[in-house]
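> First the structure, then my questions, so here it is.
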Amino acid sequence: MVKDQLLRDLKKAVKDLGYQANDIVCAIPPTPAFGDYSSNIALQLAKPEIKNGKQSPIDIANKIKGKLDKTNYLEKVEVAGGGFLNFFIKGEVLVKNLTQVTQIPKDEKPQKLMVEYGHANILKEVHLGHLRTFILGESLARILGGAGHKVFRANYQGDIGLHVAKAIWGIEKLGLPSKELNFEEKAEYLGKAYAQGSLDYEESSEAKQKINQINVSLYRKEPQFQELYKLGRKWSLEYYDEVYKILGIKYDKLFFESEVYSRGEQLVLENTGKIFEKSDGAVIFPGEKYGLHNRVFISSAGVPTYEAKDLGLSEKQFETFPFDRDIHVVGSEQEGYFKVVIKAIEMVLPKLSGREFHLSYGMVGLKEGKMSSRTGEVVTVNELLNMVAEKVREVVKESRLEVNREVVRSVAMGAIKFTYLKFAPSSNLVFDLQQSVSLQGDSGPYLQYTHARIRSVLREAGEGGSELRMENLELEVEERNLARRLEYFGSVAGQAGKEYRPNLICEYLLDLAKDFNLFYQKHRIIASEKKDLRLALTQATGEVLKTGLELLGIEAPERM
RNA sequence: GUGCCCGUGGCGCAAUGGAUAGCGCAUCAGAUUCCGGAUCUGAGGGUUGGAGGUUCGAAUCCUCUCGGGCACGCCA
């Protein structure tokens with residue numbers, strides 16, 4: 001990136017002029033008219049003196065400009081807009097750098113990061129809502145890995161607790177299916193059993209009592225329900241393996257509630273009277289003392305709650321992979337919960353202080369109405385995938401292009417993933433089944449299509465481009481804008497990692513594809529005197545698209 | 001009741017202290033004998049919910065207010 005060089009020189013110039021500044025940044029200006037990079041440093045430096053008129057930001061900017069005017073990579077430096085410095089990079093430098101535009105800058109402080117995402121409970125089907133933690137978490141893991149961090153992918157699944165007891169009750173009531181089921185049917189069956197148990201739990205006090213007994217029995221590992229439990233758990237995990245495969249996720253480790261609850265309970269009991277308190281027969285963490293709210297860690301029935309399990313989990317996770325930070329990719333509805341539990345974890349296990357982090361994402365809703373696993377009114381991953389794949393097939397039919405099943409699947413998945421990732425994590429996401437998953441415009445397939453088209457051009461052009469000549473290089477506006485955009489990939493990818501925001505990459509790739517498609521529309525590539533240059537631009541765009549899509553967890557087919 | 005989040009063209013979103021608030025969908029008008037039309041060009045559409053304030057500079061920060069969502073002791 002030319003940016004690195006520029007930033008170094010800018011810092012040196014500021015220092016040489018005798019100014020103190022620790023926060024010097026080069027930003028991407030809103031329009032090419034303001035250069036390829038810009039800096040507001042002169043405005044920052046003048047800030048304390050602007051009011052009394054002692055220091056003019058324009059004077060400072062001009063001094064800095066004077067120091068940077070004679071570099072070998074800048075075309076010119078301009079002072080504009082009341083004190084901004086606008087840097088224009090030489091076209092030949094942008095072109096020379098095309099071969100390295102896919103490089104992502106390594107974070108200056110590489111960390112060991114656990115990314116914990118998924119959290120789907122067994123005996124339930126994965127639906128639209130769960131999809132966000134899977135897709136966001138996986139993308140984040142890729143982006144952070146790309147930035148040079150050591151990443152550990154973790155999932156944590158609830159394989160014990162009231163929801164399991166409800167499903168067991170449901171299985172007993174519905175009876176086991178008589179014929180052999182495939183993994184999808186098994187998941188569907190378990191989903192029904194859970195919905196049944198859930199319903200009965202609310203509507204019949206007798207059932208409620210029985211289900212509570214099943215719950216306690218499972219925690220005590222009494223033999224009575226073990227067989228059904230093991231069968232249901234096995235089916236469910238087989239189903240999840242398929243889901244991970246569909247989503248392209250490979251976890252480093254799956255953690256289960258069943259293997260952490262006793263340790264969690266033990267930690268609570270050891271600290272009762274110190275950190276935890278007894279209250280109404282339960283053991284609570286008095287969050288109110290710390291400006292938070294109280295939460296029950298061990299129920300009055302003597303069963304550890306999710307809170308206590310998280311305590312046991314955090315210790316086990318840290319033993320497994322001594323992370324600098326554990327990023328829990330979990331919805332915003334659990335913000336209050338995490339504040340309390342993280343506080344409790346830090347008090348019980350001080351070595352984990354500052355290491356637990358909740359990455360909160362907005363709610364996923366359905367425009368058509370509420371989703372609820374409780375009533376079974378959900379759109380599952382497979383249903384969504386089939387729906388979108390059908391739309392893809394329709395487009396294919398009209399476009400005369402021939403694609404195989406694998407590509408249809410990959411494009412449908414790309415459309416779905418992009419739909420989730422283009423929103424900022426903090427933003428709520430309302431799913432309109434008819435419109436949300438788009439195949440054109442700002443969409444995954446738009447990027448995939450642009451990539452496939454580039455590959456096609458490169459195939460046509462054949463291998464082995466000749467050496468680029470830089471003398472008298474004149475760039476047309478579309479060529480220059482494209483080269484400029486390619487220069488930005490590294491810094492955007494870096495920023496996305498620092499701020500945990502894959503949507504920045506989505507936005508960038510859309511801009512890049514637009515720049516390329518305009519360039520493509522206006523200029524011939526192969527049958528052109530500037531073939532070498534244009535092929536280099538095309539090649540670089542293809543590679544950045546592929547690399548960027550990879551960071552999002554989206555495949556980039558050669559043909560589609 | 002307390003706390004947290006959100007409010008940006010008709011719709012869905014981007015921009016989290018910088019310059020002229022961007023993009024897609026939808027609407028209207030156009031582009032293909034030529035490297036892939038899932039594409040491209042153009043047009044209309046905005047006092048960023050409202051009122052104050054801080055700042056050289058505010059969609060962004062602060063205060064108040066209106067509207068929506070979520071969470072607040074025995075679910076996960």
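Following the order of the structure tokens, chains are lettered A, B, ..., residues in each are numbered from 1, and ligands are numbered from 1.
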Using only C-alpha atoms (C1' of nucleotides), which residues sit within 12 Å of U2 in chain B once same-chain residues fewer than 6 positions away are excluded, as a PyMOL selection string?
(chain A and resi 288+291-293) or (chain B and resi 71-72)
> Hey, what does DSSP flag as alpha helix (DSSP H) within range 115-223 of chain A? Can you give it to me as a VMD selection string?
chain A and resid 128 to 146 162 to 174 183 to 203 205 to 219
> Write out as a compact mmCIF listing (two decimals) with all heavy atoms, in the first residue's frame each polymer residue whose atoms come within 10 Å of range 40-53 of chain B, counting only C-alpha atoms (C1' of nucleotides); drop sequence neighbours fewer than 6 positions from it.

```txt
# COMPACT_ATOMS: atom_id res chain seq x y z
N LYS A 514 -18.43 -1.89 -8.92
CA LYS A 514 -19.03 -0.82 -9.72
C LYS A 514 -17.96 -0.13 -10.56
O LYS A 514 -18.17 0.13 -11.75
CB LYS A 514 -19.71 0.21 -8.81
CG LYS A 514 -21.19 -0.06 -8.63
CD LYS A 514 -21.77 0.86 -7.58
CE LYS A 514 -22.50 0.04 -6.54
NZ LYS A 514 -22.59 0.69 -5.25
N ASN A 517 -17.03 -2.51 -13.38
CA ASN A 517 -18.06 -2.68 -14.40
C ASN A 517 -18.18 -1.45 -15.29
O ASN A 517 -18.43 -1.56 -16.49
CB ASN A 517 -19.41 -3.02 -13.77
CG ASN A 517 -19.47 -4.48 -13.35
OD1 ASN A 517 -18.95 -5.35 -14.04
ND2 ASN A 517 -20.08 -4.75 -12.21
N LEU A 518 -17.96 -0.28 -14.71
CA LEU A 518 -17.98 0.93 -15.51
C LEU A 518 -16.79 0.96 -16.46
O LEU A 518 -16.92 1.26 -17.64
CB LEU A 518 -17.97 2.16 -14.58
CG LEU A 518 -17.97 3.51 -15.28
CD1 LEU A 518 -19.16 3.64 -16.22
CD2 LEU A 518 -17.99 4.63 -14.26
N PHE A 519 -15.63 0.63 -15.90
CA PHE A 519 -14.40 0.52 -16.70
C PHE A 519 -14.61 -0.46 -17.85
O PHE A 519 -14.28 -0.19 -19.00
CB PHE A 519 -13.26 0.09 -15.77
CG PHE A 519 -12.11 -0.60 -16.45
CD1 PHE A 519 -11.15 0.13 -17.14
CD2 PHE A 519 -11.97 -1.98 -16.37
CE1 PHE A 519 -10.08 -0.51 -17.75
CE2 PHE A 519 -10.90 -2.62 -16.98
CZ PHE A 519 -9.96 -1.89 -17.67
N TYR A 520 -15.19 -1.59 -17.52
CA TYR A 520 -15.42 -2.66 -18.50
C TYR A 520 -16.37 -2.19 -19.61
O TYR A 520 -16.18 -2.51 -20.78
CB TYR A 520 -16.02 -3.86 -17.77
CG TYR A 520 -16.38 -5.02 -18.65
CD1 TYR A 520 -15.43 -5.98 -18.97
CD2 TYR A 520 -17.66 -5.14 -19.16
CE1 TYR A 520 -15.76 -7.06 -19.78
CE2 TYR A 520 -18.00 -6.21 -19.98
CZ TYR A 520 -17.04 -7.16 -20.28
OH TYR A 520 -17.37 -8.21 -21.09
N GLN A 521 -17.38 -1.47 -19.21
CA GLN A 521 -18.37 -0.99 -20.15
C GLN A 521 -17.77 0.01 -21.14
O GLN A 521 -18.11 0.03 -22.31
CB GLN A 521 -19.50 -0.31 -19.35
CG GLN A 521 -20.77 -0.10 -20.12
CD GLN A 521 -21.57 -1.39 -20.19
OE1 GLN A 521 -21.29 -2.33 -19.47
NE2 GLN A 521 -22.56 -1.42 -21.06
N LYS A 522 -16.85 0.82 -20.62
CA LYS A 522 -16.34 1.92 -21.42
C LYS A 522 -15.16 1.54 -22.30
O LYS A 522 -14.90 2.19 -23.30
CB LYS A 522 -15.91 3.07 -20.50
CG LYS A 522 -17.08 3.88 -20.01
CD LYS A 522 -16.71 5.35 -20.10
CE LYS A 522 -17.94 6.22 -19.97
NZ LYS A 522 -17.60 7.63 -20.15
P G B 7 -30.11 4.97 13.82
OP1 G B 7 -29.41 4.86 12.52
OP2 G B 7 -29.56 5.83 14.88
O5' G B 7 -31.61 5.41 13.55
C5' G B 7 -32.40 4.71 12.59
C4' G B 7 -33.81 5.28 12.58
O4' G B 7 -34.29 5.35 13.95
C3' G B 7 -33.93 6.69 12.00
O3' G B 7 -35.11 6.79 11.21
C2' G B 7 -34.08 7.57 13.23
O2' G B 7 -34.87 8.72 12.99
C1' G B 7 -34.80 6.64 14.20
N9 G B 7 -34.55 7.00 15.59
C8 G B 7 -33.43 6.71 16.32
N7 G B 7 -33.48 7.17 17.54
C5 G B 7 -34.72 7.80 17.62
C6 G B 7 -35.34 8.48 18.70
O6 G B 7 -34.90 8.66 19.84
N1 G B 7 -36.59 8.96 18.36
C2 G B 7 -37.18 8.82 17.13
N2 G B 7 -38.39 9.36 17.00
N3 G B 7 -36.62 8.18 16.11
C4 G B 7 -35.40 7.70 16.42
P U B 8 -35.04 6.39 9.70
OP1 U B 8 -36.35 6.69 9.09
OP2 U B 8 -34.46 5.05 9.63
O5' U B 8 -33.98 7.44 9.16
C5' U B 8 -34.30 8.82 9.10
C4' U B 8 -33.33 9.52 8.21
O4' U B 8 -31.97 9.17 8.62
C3' U B 8 -33.37 9.09 6.74
O3' U B 8 -34.37 9.80 6.03
C2' U B 8 -31.97 9.47 6.26
O2' U B 8 -31.87 10.86 6.05
C1' U B 8 -31.13 9.09 7.48
N1 U B 8 -30.57 7.73 7.40
C2 U B 8 -29.44 7.55 6.60
O2 U B 8 -28.94 8.46 5.97
N3 U B 8 -28.96 6.27 6.57
C4 U B 8 -29.45 5.18 7.23
O4 U B 8 -28.91 4.09 7.10
C5 U B 8 -30.62 5.45 8.04
C6 U B 8 -31.12 6.68 8.09
P G B 9 -35.67 9.10 5.60
OP1 G B 9 -36.77 9.56 6.45
OP2 G B 9 -35.38 7.65 5.49
O5' G B 9 -35.88 9.74 4.15
C5' G B 9 -36.41 8.95 3.08
C4' G B 9 -36.53 9.87 1.89
O4' G B 9 -35.21 10.15 1.40
C3' G B 9 -37.33 9.28 0.74
O3' G B 9 -38.36 10.18 0.35
C2' G B 9 -36.31 9.11 -0.39
O2' G B 9 -36.85 9.46 -1.64
C1' G B 9 -35.22 10.10 -0.01
N9 G B 9 -33.89 9.67 -0.43
C8 G B 9 -33.27 8.48 -0.18
N7 G B 9 -32.08 8.39 -0.71
C5 G B 9 -31.91 9.60 -1.35
C6 G B 9 -30.82 10.10 -2.09
O6 G B 9 -29.75 9.54 -2.35
N1 G B 9 -31.05 11.39 -2.56
C2 G B 9 -32.19 12.11 -2.34
N2 G B 9 -32.23 13.33 -2.86
N3 G B 9 -33.23 11.66 -1.65
C4 G B 9 -33.02 10.41 -1.19
P G B 10 -39.73 10.15 1.20
OP1 G B 10 -40.47 11.34 0.76
OP2 G B 10 -39.44 9.93 2.65
O5' G B 10 -40.49 8.87 0.65
C5' G B 10 -41.77 8.54 1.17
C4' G B 10 -42.16 7.16 0.74
O4' G B 10 -42.00 7.05 -0.69
C3' G B 10 -41.28 6.04 1.30
O3' G B 10 -41.75 5.62 2.57
C2' G B 10 -41.42 4.94 0.25
O2' G B 10 -42.63 4.23 0.41
C1' G B 10 -41.49 5.77 -1.04
N9 G B 10 -40.17 5.97 -1.67
C8 G B 10 -39.55 7.17 -1.89
N7 G B 10 -38.38 7.05 -2.47
C5 G B 10 -38.24 5.68 -2.65
C6 G B 10 -37.18 4.95 -3.23
O6 G B 10 -36.13 5.37 -3.71
N1 G B 10 -37.43 3.59 -3.20
C2 G B 10 -38.55 3.01 -2.69
N2 G B 10 -38.59 1.69 -2.76
N3 G B 10 -39.54 3.67 -2.14
C4 G B 10 -39.33 5.00 -2.16
P A B 21 -24.18 17.39 0.90
OP1 A B 21 -25.50 17.72 0.34
OP2 A B 21 -23.77 17.97 2.21
O5' A B 21 -24.09 15.80 0.99
C5' A B 21 -22.89 15.17 1.40
C4' A B 21 -23.20 13.81 1.94
O4' A B 21 -23.94 13.95 3.18
C3' A B 21 -24.13 12.98 1.06
O3' A B 21 -23.39 12.28 0.08
C2' A B 21 -24.77 12.03 2.06
O2' A B 21 -23.89 10.97 2.39
C1' A B 21 -24.90 12.93 3.29
N9 A B 21 -26.22 13.56 3.40
C8 A B 21 -26.57 14.83 3.07
N7 A B 21 -27.84 15.12 3.32
C5 A B 21 -28.33 13.95 3.86
C6 A B 21 -29.60 13.59 4.33
N6 A B 21 -30.64 14.41 4.35
N1 A B 21 -29.76 12.34 4.80
C2 A B 21 -28.72 11.50 4.78
N3 A B 21 -27.48 11.72 4.36
C4 A B 21 -27.35 12.98 3.91
P U B 27 -40.56 -0.70 -10.89
OP1 U B 27 -41.74 -1.38 -11.47
OP2 U B 27 -39.21 -1.01 -11.39
O5' U B 27 -40.76 0.87 -10.99
C5' U B 27 -41.96 1.48 -10.55
C4' U B 27 -41.91 2.97 -10.80
O4' U B 27 -40.88 3.57 -9.96
C3' U B 27 -41.48 3.37 -12.21
O3' U B 27 -42.55 3.27 -13.13
C2' U B 27 -41.01 4.81 -12.00
O2' U B 27 -42.10 5.69 -11.88
C1' U B 27 -40.32 4.70 -10.64
N1 U B 27 -38.86 4.48 -10.77
C2 U B 27 -38.06 5.58 -10.99
O2 U B 27 -38.50 6.71 -11.08
N3 U B 27 -36.72 5.32 -11.11
C4 U B 27 -36.11 4.08 -11.04
O4 U B 27 -34.89 4.01 -11.17
C5 U B 27 -37.00 2.98 -10.82
C6 U B 27 -38.32 3.21 -10.70
P C B 28 -42.23 2.71 -14.61
OP1 C B 28 -43.54 2.45 -15.23
OP2 C B 28 -41.21 1.65 -14.54
O5' C B 28 -41.57 3.96 -15.34
C5' C B 28 -42.31 5.17 -15.50
C4' C B 28 -41.41 6.28 -15.94
O4' C B 28 -40.44 6.58 -14.89
C3' C B 28 -40.52 5.98 -17.14
O3' C B 28 -41.21 6.04 -18.37
C2' C B 28 -39.46 7.06 -17.00
O2' C B 28 -39.94 8.33 -17.38
C1' C B 28 -39.24 7.03 -15.49
N1 C B 28 -38.12 6.14 -15.12
C2 C B 28 -36.81 6.64 -15.20
O2 C B 28 -36.65 7.82 -15.57
N3 C B 28 -35.77 5.84 -14.89
C4 C B 28 -36.00 4.58 -14.51
N4 C B 28 -34.93 3.83 -14.22
C5 C B 28 -37.30 4.03 -14.43
C6 C B 28 -38.34 4.84 -14.73
P A B 29 -40.75 5.11 -19.56
OP1 A B 29 -41.77 5.25 -20.62
OP2 A B 29 -40.41 3.78 -19.02
O5' A B 29 -39.39 5.80 -20.06
C5' A B 29 -39.43 7.12 -20.60
C4' A B 29 -38.03 7.59 -20.91
O4' A B 29 -37.27 7.71 -19.68
C3' A B 29 -37.19 6.63 -21.74
O3' A B 29 -37.50 6.67 -23.13
C2' A B 29 -35.79 7.15 -21.45
O2' A B 29 -35.50 8.35 -22.15
C1' A B 29 -35.91 7.45 -19.95
N9 A B 29 -35.46 6.31 -19.15
C8 A B 29 -36.22 5.34 -18.53
N7 A B 29 -35.50 4.43 -17.89
C5 A B 29 -34.19 4.84 -18.12
C6 A B 29 -32.95 4.31 -17.73
N6 A B 29 -32.82 3.21 -16.99
N1 A B 29 -31.82 4.94 -18.12
C2 A B 29 -31.95 6.05 -18.86
N3 A B 29 -33.06 6.65 -19.30
C4 A B 29 -34.15 5.99 -18.89
P G B 30 -37.11 5.43 -24.03
OP1 G B 30 -37.38 5.83 -25.42
OP2 G B 30 -37.72 4.21 -23.45
O5' G B 30 -35.54 5.34 -23.75
C5' G B 30 -34.68 4.93 -24.77
C4' G B 30 -33.25 5.25 -24.40
O4' G B 30 -33.12 5.48 -22.96
C3' G B 30 -32.27 4.13 -24.64
O3' G B 30 -31.93 4.00 -26.00
C2' G B 30 -31.11 4.55 -23.77
O2' G B 30 -30.40 5.65 -24.33
C1' G B 30 -31.86 5.02 -22.52
N9 G B 30 -32.05 3.90 -21.59
C8 G B 30 -33.24 3.33 -21.17
N7 G B 30 -33.07 2.33 -20.35
C5 G B 30 -31.68 2.23 -20.21
C6 G B 30 -30.89 1.34 -19.45
O6 G B 30 -31.27 0.43 -18.71
N1 G B 30 -29.52 1.58 -19.60
C2 G B 30 -28.99 2.57 -20.39
N2 G B 30 -27.67 2.67 -20.42
N3 G B 30 -29.72 3.43 -21.11
C4 G B 30 -31.05 3.19 -20.96
P A B 31 -31.81 2.57 -26.62
OP1 A B 31 -31.79 2.73 -28.09
OP2 A B 31 -32.81 1.70 -25.97
O5' A B 31 -30.36 2.09 -26.15
C5' A B 31 -29.23 2.85 -26.54
C4' A B 31 -28.00 2.28 -25.89
O4' A B 31 -28.14 2.35 -24.45
C3' A B 31 -27.72 0.81 -26.16
O3' A B 31 -27.10 0.64 -27.41
C2' A B 31 -26.82 0.43 -25.00
O2' A B 31 -25.50 0.86 -25.23
C1' A B 31 -27.44 1.27 -23.86
N9 A B 31 -28.36 0.49 -23.03
C8 A B 31 -29.73 0.56 -22.99
N7 A B 31 -30.27 -0.28 -22.13
C5 A B 31 -29.17 -0.94 -21.58
C6 A B 31 -29.05 -1.94 -20.62
N6 A B 31 -30.09 -2.49 -19.99
N1 A B 31 -27.81 -2.38 -20.29
C2 A B 31 -26.77 -1.83 -20.91
N3 A B 31 -26.74 -0.87 -21.83
C4 A B 31 -27.99 -0.47 -22.13
P A B 59 -24.60 17.04 10.16
OP1 A B 59 -23.52 16.80 9.18
OP2 A B 59 -25.50 18.21 9.98
O5' A B 59 -25.52 15.75 10.23
C5' A B 59 -26.68 15.74 11.03
C4' A B 59 -27.01 14.33 11.46
O4' A B 59 -26.75 13.43 10.36
C3' A B 59 -26.14 13.80 12.60
O3' A B 59 -26.70 14.13 13.85
C2' A B 59 -26.16 12.30 12.37
O2' A B 59 -27.34 11.72 12.88
C1' A B 59 -26.20 12.22 10.83
N9 A B 59 -24.87 12.03 10.24
C8 A B 59 -24.18 12.91 9.45
N7 A B 59 -23.01 12.46 9.05
C5 A B 59 -22.95 11.18 9.61
C6 A B 59 -21.98 10.18 9.57
N6 A B 59 -20.83 10.29 8.90
N1 A B 59 -22.21 9.04 10.23
C2 A B 59 -23.36 8.92 10.90
N3 A B 59 -24.37 9.79 11.02
C4 A B 59 -24.09 10.92 10.34
P C B 62 -23.40 11.45 23.86
OP1 C B 62 -23.27 10.40 24.88
OP2 C B 62 -24.46 11.35 22.83
O5' C B 62 -23.55 12.86 24.58
C5' C B 62 -22.74 13.21 25.68
C4' C B 62 -23.21 14.54 26.23
O4' C B 62 -23.00 15.57 25.23
C3' C B 62 -24.70 14.61 26.53
O3' C B 62 -25.00 14.07 27.80
C2' C B 62 -24.96 16.10 26.45
O2' C B 62 -24.54 16.77 27.62
C1' C B 62 -24.06 16.51 25.29
N1 C B 62 -24.76 16.52 23.99
C2 C B 62 -25.59 17.61 23.67
O2 C B 62 -25.71 18.53 24.50
N3 C B 62 -26.23 17.63 22.48
C4 C B 62 -26.08 16.62 21.62
N4 C B 62 -26.74 16.69 20.46
C5 C B 62 -25.26 15.49 21.92
C6 C B 62 -24.63 15.48 23.10
P U B 63 -26.43 13.40 28.04
OP1 U B 63 -26.37 12.74 29.37
OP2 U B 63 -26.84 12.64 26.84
O5' U B 63 -27.36 14.69 28.14
C5' U B 63 -27.28 15.58 29.25
C4' U B 63 -28.30 16.66 29.10
O4' U B 63 -27.99 17.46 27.92
C3' U B 63 -29.72 16.18 28.84
O3' U B 63 -30.39 15.79 30.02
C2' U B 63 -30.35 17.42 28.19
O2' U B 63 -30.68 18.40 29.15
C1' U B 63 -29.19 17.92 27.33
N1 U B 63 -29.28 17.41 25.94
C2 U B 63 -30.11 18.10 25.06
O2 U B 63 -30.76 19.07 25.39
N3 U B 63 -30.15 17.58 23.78
C4 U B 63 -29.46 16.49 23.31
O4 U B 63 -29.60 16.15 22.14
C5 U B 63 -28.63 15.83 24.27
C6 U B 63 -28.57 16.30 25.54
P C B 64 -31.47 14.60 29.94
OP1 C B 64 -31.81 14.23 31.33
OP2 C B 64 -30.98 13.58 28.99
O5' C B 64 -32.73 15.34 29.28
C5' C B 64 -33.39 16.40 29.96
C4' C B 64 -34.30 17.14 29.02
O4' C B 64 -33.54 17.65 27.89
C3' C B 64 -35.38 16.30 28.34
O3' C B 64 -36.49 16.04 29.18
C2' C B 64 -35.74 17.20 27.15
O2' C B 64 -36.55 18.29 27.55
C1' C B 64 -34.36 17.70 26.73
N1 C B 64 -33.78 16.86 25.66
C2 C B 64 -34.23 17.05 24.35
O2 C B 64 -35.09 17.92 24.13
N3 C B 64 -33.73 16.29 23.36
C4 C B 64 -32.81 15.35 23.63
N4 C B 64 -32.35 14.63 22.62
C5 C B 64 -32.34 15.12 24.96
C6 C B 64 -32.85 15.89 25.94
P U B 65 -37.31 14.71 28.99
OP1 U B 65 -38.37 14.69 30.02
OP2 U B 65 -36.37 13.57 28.88
O5' U B 65 -38.00 14.93 27.56
C5' U B 65 -39.00 15.93 27.38
C4' U B 65 -39.42 15.99 25.94
O4' U B 65 -38.27 16.29 25.11
C3' U B 65 -39.94 14.69 25.36
O3' U B 65 -41.31 14.46 25.68
C2' U B 65 -39.74 14.91 23.86
O2' U B 65 -40.73 15.75 23.31
C1' U B 65 -38.39 15.64 23.85
N1 U B 65 -37.26 14.70 23.67
C2 U B 65 -36.97 14.28 22.38
O2 U B 65 -37.61 14.65 21.41
N3 U B 65 -35.93 13.40 22.28
C4 U B 65 -35.16 12.90 23.31
O4 U B 65 -34.25 12.11 23.05
C5 U B 65 -35.52 13.38 24.61
C6 U B 65 -36.54 14.24 24.75
P C B 66 -41.83 12.95 25.81
OP1 C B 66 -43.11 13.00 26.53
OP2 C B 66 -40.73 12.11 26.30
O5' C B 66 -42.12 12.58 24.28
C5' C B 66 -43.12 13.25 23.53
C4' C B 66 -43.06 12.86 22.09
O4' C B 66 -41.77 13.25 21.53
C3' C B 66 -43.12 11.36 21.80
O3' C B 66 -44.44 10.85 21.83
C2' C B 66 -42.51 11.29 20.40
O2' C B 66 -43.42 11.73 19.42
C1' C B 66 -41.38 12.32 20.53
N1 C B 66 -40.10 11.68 20.92
C2 C B 66 -39.34 11.01 19.94
O2 C B 66 -39.78 10.97 18.78
N3 C B 66 -38.18 10.41 20.29
C4 C B 66 -37.77 10.46 21.56
N4 C B 66 -36.62 9.86 21.85
C5 C B 66 -38.51 11.13 22.57
C6 C B 66 -39.67 11.72 22.22
P G B 67 -44.67 9.32 22.22
OP1 G B 67 -46.14 9.10 22.25
OP2 G B 67 -43.86 9.02 23.42
O5' G B 67 -44.05 8.52 20.99
C5' G B 67 -44.77 8.42 19.77
C4' G B 67 -43.95 7.70 18.73
O4' G B 67 -42.66 8.37 18.57
C3' G B 67 -43.55 6.26 19.08
O3' G B 67 -44.59 5.34 18.87
C2' G B 67 -42.38 6.05 18.11
O2' G B 67 -42.81 5.87 16.79
C1' G B 67 -41.67 7.40 18.22
N9 G B 67 -40.63 7.38 19.26
C8 G B 67 -40.68 7.93 20.52
N7 G B 67 -39.57 7.72 21.21
C5 G B 67 -38.77 6.99 20.35
C6 G B 67 -37.45 6.47 20.54
O6 G B 67 -36.72 6.56 21.53
N1 G B 67 -37.00 5.77 19.41
C2 G B 67 -37.72 5.60 18.27
N2 G B 67 -37.13 4.91 17.29
N3 G B 67 -38.95 6.09 18.07
C4 G B 67 -39.40 6.76 19.15
```
> Give me, as number ranges by chain, the residues of range 118-181 of chain A that a backbone DSSP run labels strand (DSSP E or B).
A: 127, 150-157
> Would you output that residue set with N, CA and C atoms, as an mmCIF file, in the first residue's frame?

```
data_model
loop_
_atom_site.group_PDB
_atom_site.id
_atom_site.type_symbol
_atom_site.label_atom_id
_atom_site.label_comp_id
_atom_site.auth_asym_id
_atom_site.auth_seq_id
_atom_site.Cartn_x
_atom_site.Cartn_y
_atom_site.Cartn_z
ATOM 1 N N HIS A 127 -32.515 -21.590 12.401
ATOM 2 C CA HIS A 127 -33.382 -20.750 11.575
ATOM 3 C C HIS A 127 -32.726 -19.420 11.254
ATOM 4 N N LYS A 150 -3.974 -14.844 15.828
ATOM 5 C CA LYS A 150 -4.172 -16.285 15.956
ATOM 6 C C LYS A 150 -5.618 -16.487 16.387
ATOM 7 N N VAL A 151 -6.376 -17.154 15.535
ATOM 8 C CA VAL A 151 -7.816 -17.259 15.773
ATOM 9 C C VAL A 151 -8.221 -18.686 16.118
ATOM 10 N N PHE A 152 -9.033 -18.791 17.129
ATOM 11 C CA PHE A 152 -9.564 -20.096 17.551
ATOM 12 C C PHE A 152 -11.078 -20.049 17.428
ATOM 13 N N ARG A 153 -11.619 -20.918 16.570
ATOM 14 C CA ARG A 153 -13.074 -20.908 16.353
ATOM 15 C C ARG A 153 -13.755 -21.839 17.350
ATOM 16 N N ALA A 154 -14.648 -21.281 18.133
ATOM 17 C CA ALA A 154 -15.315 -22.085 19.156
ATOM 18 C C ALA A 154 -16.828 -21.981 19.030
ATOM 19 N N ASN A 155 -17.461 -23.077 19.344
ATOM 20 C CA ASN A 155 -18.916 -23.063 19.454
ATOM 21 C C ASN A 155 -19.259 -23.569 20.854
ATOM 22 N N TYR A 156 -20.375 -23.152 21.326
ATOM 23 C CA TYR A 156 -20.793 -23.560 22.669
ATOM 24 C C TYR A 156 -22.261 -23.916 22.593
ATOM 25 N N GLN A 157 -22.544 -25.170 22.848
ATOM 26 C CA GLN A 157 -23.908 -25.611 22.622
ATOM 27 C C GLN A 157 -24.583 -26.102 23.891
#
```
> Would you give me, as a PyMOL selection string, the residues of chain B that come within 7 Å of chain A, using only C-alpha atoms (C1' of nucleotides)?
chain B and resi 19+24+35-36+38+40+56+70-76
> Check the smallest atom-to-atom distance from each of A:Thr419, A:Lys221, A:Glu125, A:Thr133 to Gly191 in chain A using only C-alpha atoms, then report the winner.
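Closest to Gly191 in chain A, using only C-alpha atoms: A:Glu125.
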